[in-house]
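Raw protein-v9.txt, compact mmCIF, C-alpha atoms:
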```
# COMPACT_ATOMS: atom_id res chain seq x y z
CA MET L 153 110.54 64.35 126.50
CA LYS L 154 109.15 67.73 127.39
CA LYS L 155 105.74 68.51 125.87
CA ILE L 156 106.01 71.23 123.22
CA THR L 157 104.06 74.45 123.80
CA SER L 158 101.50 73.91 121.03
CA PHE L 159 100.37 70.70 122.76
CA THR L 160 99.71 72.59 126.01
CA ILE L 161 96.93 74.73 124.50
CA ASN L 162 93.51 73.52 125.67
CA HIS L 163 92.06 72.46 122.34
CA ASN L 164 88.72 71.74 124.03
CA LYS L 165 88.31 75.51 124.56
CA LEU L 166 90.09 76.77 121.44
CA LEU L 167 87.93 78.91 119.15
CA ARG L 168 88.43 79.83 115.51
CA GLY L 169 90.72 82.84 115.17
CA ILE L 170 94.25 84.18 114.86
CA TYR L 171 96.68 83.30 117.65
CA VAL L 172 100.36 83.85 118.38
CA SER L 173 101.65 80.30 118.59
CA ARG L 174 105.27 81.17 119.36
CA LYS L 175 108.01 83.74 118.95
CA ASP L 176 111.59 82.79 118.17
CA ALA L 177 114.82 84.74 118.11
CA VAL L 178 116.72 84.31 114.85
CA GLY L 179 119.94 86.24 115.20
CA SER L 180 118.90 89.75 116.19
CA ASN L 181 115.41 89.31 114.70
CA THR L 182 112.16 87.89 116.02
CA VAL L 183 110.03 85.50 114.01
CA THR L 184 106.37 85.08 114.96
CA THR L 185 104.42 81.92 114.23
CA PHE L 186 100.66 82.39 113.98
CA ASP L 187 97.98 79.77 114.41
CA ILE L 188 95.25 80.60 111.88
CA ARG L 189 92.52 78.39 113.30
CA MET L 190 89.63 77.89 110.88
CA LYS L 191 87.91 75.05 112.75
CA GLU L 192 87.15 74.42 116.42
CA PRO L 193 89.29 71.38 117.24
CA ASN L 194 87.43 68.16 118.04
CA ARG L 195 84.06 69.93 117.79
CA GLU L 196 83.47 70.40 114.08
CA PRO L 197 84.53 68.65 110.89
CA VAL L 198 88.08 69.39 109.78
CA LEU L 199 89.07 70.90 106.45
CA HIS L 200 88.90 68.47 103.54
CA ALA L 201 92.43 67.72 102.32
CA GLY L 202 91.71 69.06 98.82
CA ALA L 203 90.30 72.33 100.18
CA SER L 204 93.24 72.68 102.57
CA HIS L 205 95.73 72.08 99.76
CA THR L 206 94.04 74.72 97.58
CA ILE L 207 93.92 77.25 100.45
CA GLU L 208 97.63 76.57 100.93
CA HIS L 209 98.42 77.35 97.28
CA LEU L 210 96.21 80.44 97.12
CA GLY L 211 97.23 81.76 100.54
CA ALA L 212 100.94 81.34 99.86
CA THR L 213 100.60 83.01 96.47
CA PHE L 214 98.65 85.95 97.90
CA LEU L 215 100.90 86.47 100.91
CA ARG L 216 104.15 86.27 98.94
CA ASN L 217 102.82 88.88 96.51
CA ASP L 218 101.33 91.31 99.05
CA PRO L 219 103.16 94.65 98.61
CA GLU L 220 103.29 95.39 102.35
CA TRP L 221 104.02 91.94 103.77
CA LYS L 222 105.75 89.86 101.06
CA ASP L 223 109.25 90.45 102.43
CA ARG L 224 108.17 89.27 105.90
CA VAL L 225 106.39 86.07 104.88
CA LEU L 226 108.48 83.01 105.73
CA TYR L 227 105.87 80.26 105.59
CA TRP L 228 102.18 79.52 105.03
CA GLY L 229 101.02 75.94 105.35
CA PRO L 230 98.37 73.60 106.75
CA MET L 231 98.30 72.09 110.22
CA GLY L 232 98.53 68.33 110.31
CA CYS L 233 95.21 68.18 112.19
CA LEU L 234 93.50 69.99 109.27
CA THR L 235 91.91 72.64 111.49
CA GLY L 236 93.87 75.60 110.13
CA PHE L 237 97.18 76.99 108.95
CA TYR L 238 100.47 78.24 110.28
CA CYS L 239 101.70 81.60 109.09
CA ILE L 240 105.28 82.50 109.99
CA LEU L 241 106.27 86.14 109.65
CA LYS L 242 109.40 88.15 110.36
CA GLY L 243 108.90 90.54 113.25
CA ASP L 244 107.76 90.68 116.86
CA LEU L 245 104.05 90.72 116.10
CA GLU L 246 100.72 90.25 117.83
CA SER L 247 97.51 88.75 116.47
CA LYS L 248 95.87 92.15 116.03
CA ASP L 249 98.77 93.21 113.78
CA ILE L 250 97.83 90.75 111.05
CA VAL L 251 94.02 90.73 111.13
CA ASP L 252 93.79 92.85 107.97
CA LEU L 253 96.38 90.73 106.17
CA ILE L 254 94.56 87.50 107.04
CA LYS L 255 91.21 89.01 106.05
CA ARG L 256 92.61 89.98 102.67
CA THR L 257 94.16 86.52 102.26
CA PHE L 258 90.85 84.77 102.84
CA GLN L 259 88.94 87.31 100.74
CA PHE L 260 91.34 86.57 97.88
CA THR L 261 90.74 82.84 98.30
CA ALA L 262 86.97 83.18 98.64
CA ASP L 263 86.78 85.27 95.45
CA PHE L 264 89.37 83.37 93.41
CA GLU L 265 88.50 82.38 89.85
CA GLY L 266 90.72 80.62 87.36
CA ASP L 267 93.54 78.14 87.50
CA ILE L 268 94.99 77.42 90.93
CA PRO L 269 98.58 78.73 91.01
CA GLY L 270 101.15 75.94 91.10
CA ALA L 271 98.62 73.15 90.51
CA LEU L 272 100.28 71.56 87.49
CA PRO L 273 102.16 68.24 87.67
CA LYS L 274 105.51 69.98 87.12
CA ASP L 275 104.80 72.46 89.95
CA CYS L 276 103.09 70.39 92.66
CA GLY L 277 103.75 67.06 94.35
CA ASN L 278 100.04 66.16 94.45
CA TYR L 279 98.46 68.30 91.75
CA LEU L 280 95.24 66.22 91.64
CA LEU L 281 94.41 66.90 95.32
CA HIS L 282 92.72 70.30 94.92
CA ASP L 283 89.17 71.43 95.57
CA LEU L 284 88.65 75.07 94.62
CA PRO L 285 84.88 75.21 95.28
CA MET L 286 85.34 73.85 98.81
CA ALA L 287 88.38 76.09 99.44
CA LYS L 288 86.30 79.10 98.46
CA TRP L 289 83.39 77.96 100.66
CA GLU L 290 85.62 77.35 103.72
CA SER L 291 87.43 80.66 103.19
CA ARG L 292 84.19 82.64 102.91
CA LYS L 293 82.81 80.94 106.04
CA PHE L 294 85.92 81.83 108.07
CA LEU L 295 85.96 85.35 106.65
CA THR L 296 82.31 86.17 107.34
CA GLU L 297 81.87 84.30 110.64
CA ILE L 298 85.18 85.23 112.30
CA LEU L 299 87.51 87.64 110.51
CA GLU L 300 85.06 90.39 109.53
CA ASN L 301 84.02 90.93 113.15
CA ILE L 302 86.84 89.41 115.17
CA HIS L 303 86.62 89.50 118.97
CA PRO L 304 89.33 89.42 121.68
CA GLU L 305 88.56 85.76 122.44
CA ASN L 306 89.53 84.94 118.83
CA LEU L 307 92.95 86.61 119.23
CA SER L 308 94.32 85.07 122.46
CA TYR L 309 94.66 81.41 123.38
CA PRO L 310 92.20 80.23 126.07
CA LYS L 311 93.45 79.80 129.60
```
Will you turn the file into structure tokens for me?
Amino acid sequence: MKKITSFTINHNKLLRGIYVSRKDAVGSNTVTTFDIRMKEPNREPVLHAGASHTIEHLGATFLRNDPEWKDRVLYWGPMGCLTGFYCILKGDLESKDIVDLIKRTFQFTADFEGDIPGALPKDCGNYLLHDLPMAKWESRKFLTEILENIHPENLSYPK
């Protein structure tokens, strides 16, 4: 079988950041998949599953309620490797187009207080696997170290 594009990215050089993973035509529209990379692959510890699950719930809730973007959000969810998230949005977009949105998403998560949305047994398939303190810590780290002063090398995949 042919290797899929996401497995051709040199993960040994990949930095934390926001990357265009792929663009797909859906009818007459374009859908852009973003790689929201919170961890340097194979070089630092991955996200704890509970923190990742909580970031998923909070990120999805924030994005699907954002007045400007909510109608373009198709998906927000964790990568299997636990180094980040995929964000799929309607439109032919570039990484720079969503920096503010992603900053606001992680600011929301870093500052979140209260009950995690959708974390009740009737709402979630694994409601016990949440870690709000660690989700907040990981979100603040990504926000302050990368998103608040993002550089070109954090917006384009390495060669």
task: Choose the residue, out of L:Asn181, L:Ile298, L:Asn162, L:Gly229, that has the smallest atom-to-atom separation from His209 (chain L); count only C-alpha atoms.
output: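 Nearest to His209 (chain L): L:Gly229.
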Counting all atoms listed in the file, the option among L:Met286, L:Ile250, L:Cys276, L:Leu199 closest to Gly169 (chain L):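 Nearest candidate to Gly169 (chain L) out of L:Met286, L:Ile250, L:Cys276, L:Leu199: L:Ile250.
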Within 9 Å of Ile254 (chain L), counting all atoms listed in the file, which residues qualify if same-chain residues fewer than 5 places away don't, as a JSON list (two decimals) with C-alpha atoms, in the coordinates of the input?
```
[["chain", "number", "residue", "atom", "x", "y", "z"],
["L", 170, "ILE", "CA", 94.25, 84.18, 114.86],
["L", 188, "ILE", "CA", 95.25, 80.60, 111.88],
["L", 215, "LEU", "CA", 100.90, 86.47, 100.91],
["L", 259, "GLN", "CA", 88.94, 87.31, 100.74],
["L", 295, "LEU", "CA", 85.96, 85.35, 106.65],
["L", 299, "LEU", "CA", 87.51, 87.64, 110.51]]
```
I need every residue sitting at most 9 Å from the point (96.1, 79.0, 128.5) (coordinates as in the file, all atoms listed in the file considered), written as a short mmCIF file (atom, residue, chain, number, x, y, z; two decimals) with C-alpha atoms, keeping the file's coordinate frame.
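So out_2.cif came out as:
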```
data_model
loop_
_atom_site.label_atom_id
_atom_site.label_comp_id
_atom_site.auth_asym_id
_atom_site.auth_seq_id
_atom_site.Cartn_x
_atom_site.Cartn_y
_atom_site.Cartn_z
CA THR L 160 99.71 72.59 126.01
CA ILE L 161 96.93 74.73 124.50
CA ASN L 162 93.51 73.52 125.67
CA SER L 308 94.32 85.07 122.46
CA TYR L 309 94.66 81.41 123.38
CA PRO L 310 92.20 80.23 126.07
CA LYS L 311 93.45 79.80 129.60
#
```
- line: Residue with the minimum atom-to-atom distance to Thr261 (chain L), picked from L:Phe237, L:Trp228, L:Trp221, L:Trp289 with all atoms listed in the file counted, is L:Trp289
- prompt: Within 6 Å of Ile240 (chain L), counting all atoms listed in the file, which residues qualify if same-chain residues fewer than 3 places away don't, as a list in words?
  reply: Thr184, Thr185, Leu226 and Tyr227 of chain L
query: Which protein, DNA or RNA residues are at most 10 Å from (104.1, 87.9, 118.9) in the file's coordinates when you count all atoms listed in the file, listed as a list in words?
result: Tyr171, Val172, Ser173, Arg174, Lys175, Asp176, Thr182, Val183, Thr184, Thr185, Phe186, Leu241, Gly243, Asp244, Leu245, Glu246, Ser247, Lys248 and Asp249 of chain L
message: One decimal, in Å: what's the spacing between CA of Glu300 (chain L) and CA of Ala262 (chain L)?
response: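 Separation between CA of Glu300 (chain L) and CA of Ala262 (chain L): 13.2 Å.
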message: Rounded to one decimal, what separation in Å do you get between CA of Pro230 (chain L) and CA of Phe260 (chain L)?
response: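 Computing it gives 17.2 Å between the two atoms.
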query: How many Å lie between CA of Met231 (chain L) and CA of Gly179 (chain L), rounded to one decimal?
result: 26.3 Å
- request: Find, counting only C-alpha atoms, the residue in L:Tyr238, L:Asp283, L:Lys191, L:Thr257 that gets nearest to Arg216 (chain L).
  value: L:Thr257
- prompt: From the set L:Arg168, L:Lys293, L:Ser158, L:Cys239, which residue has the shortest atom-to-atom contact distance to Glu208 (chain L), counting only C-alpha atoms?
  reply: L:Cys239
task: Please identify all polymer residues within 8 Å of Asn194 (chain L), counting all atoms listed in the file, omitting same-chain residues fewer than 2 positions from it, and present them as a list in words.
output: His163, Asn164, Glu192, Glu196 and Pro197 of chain L
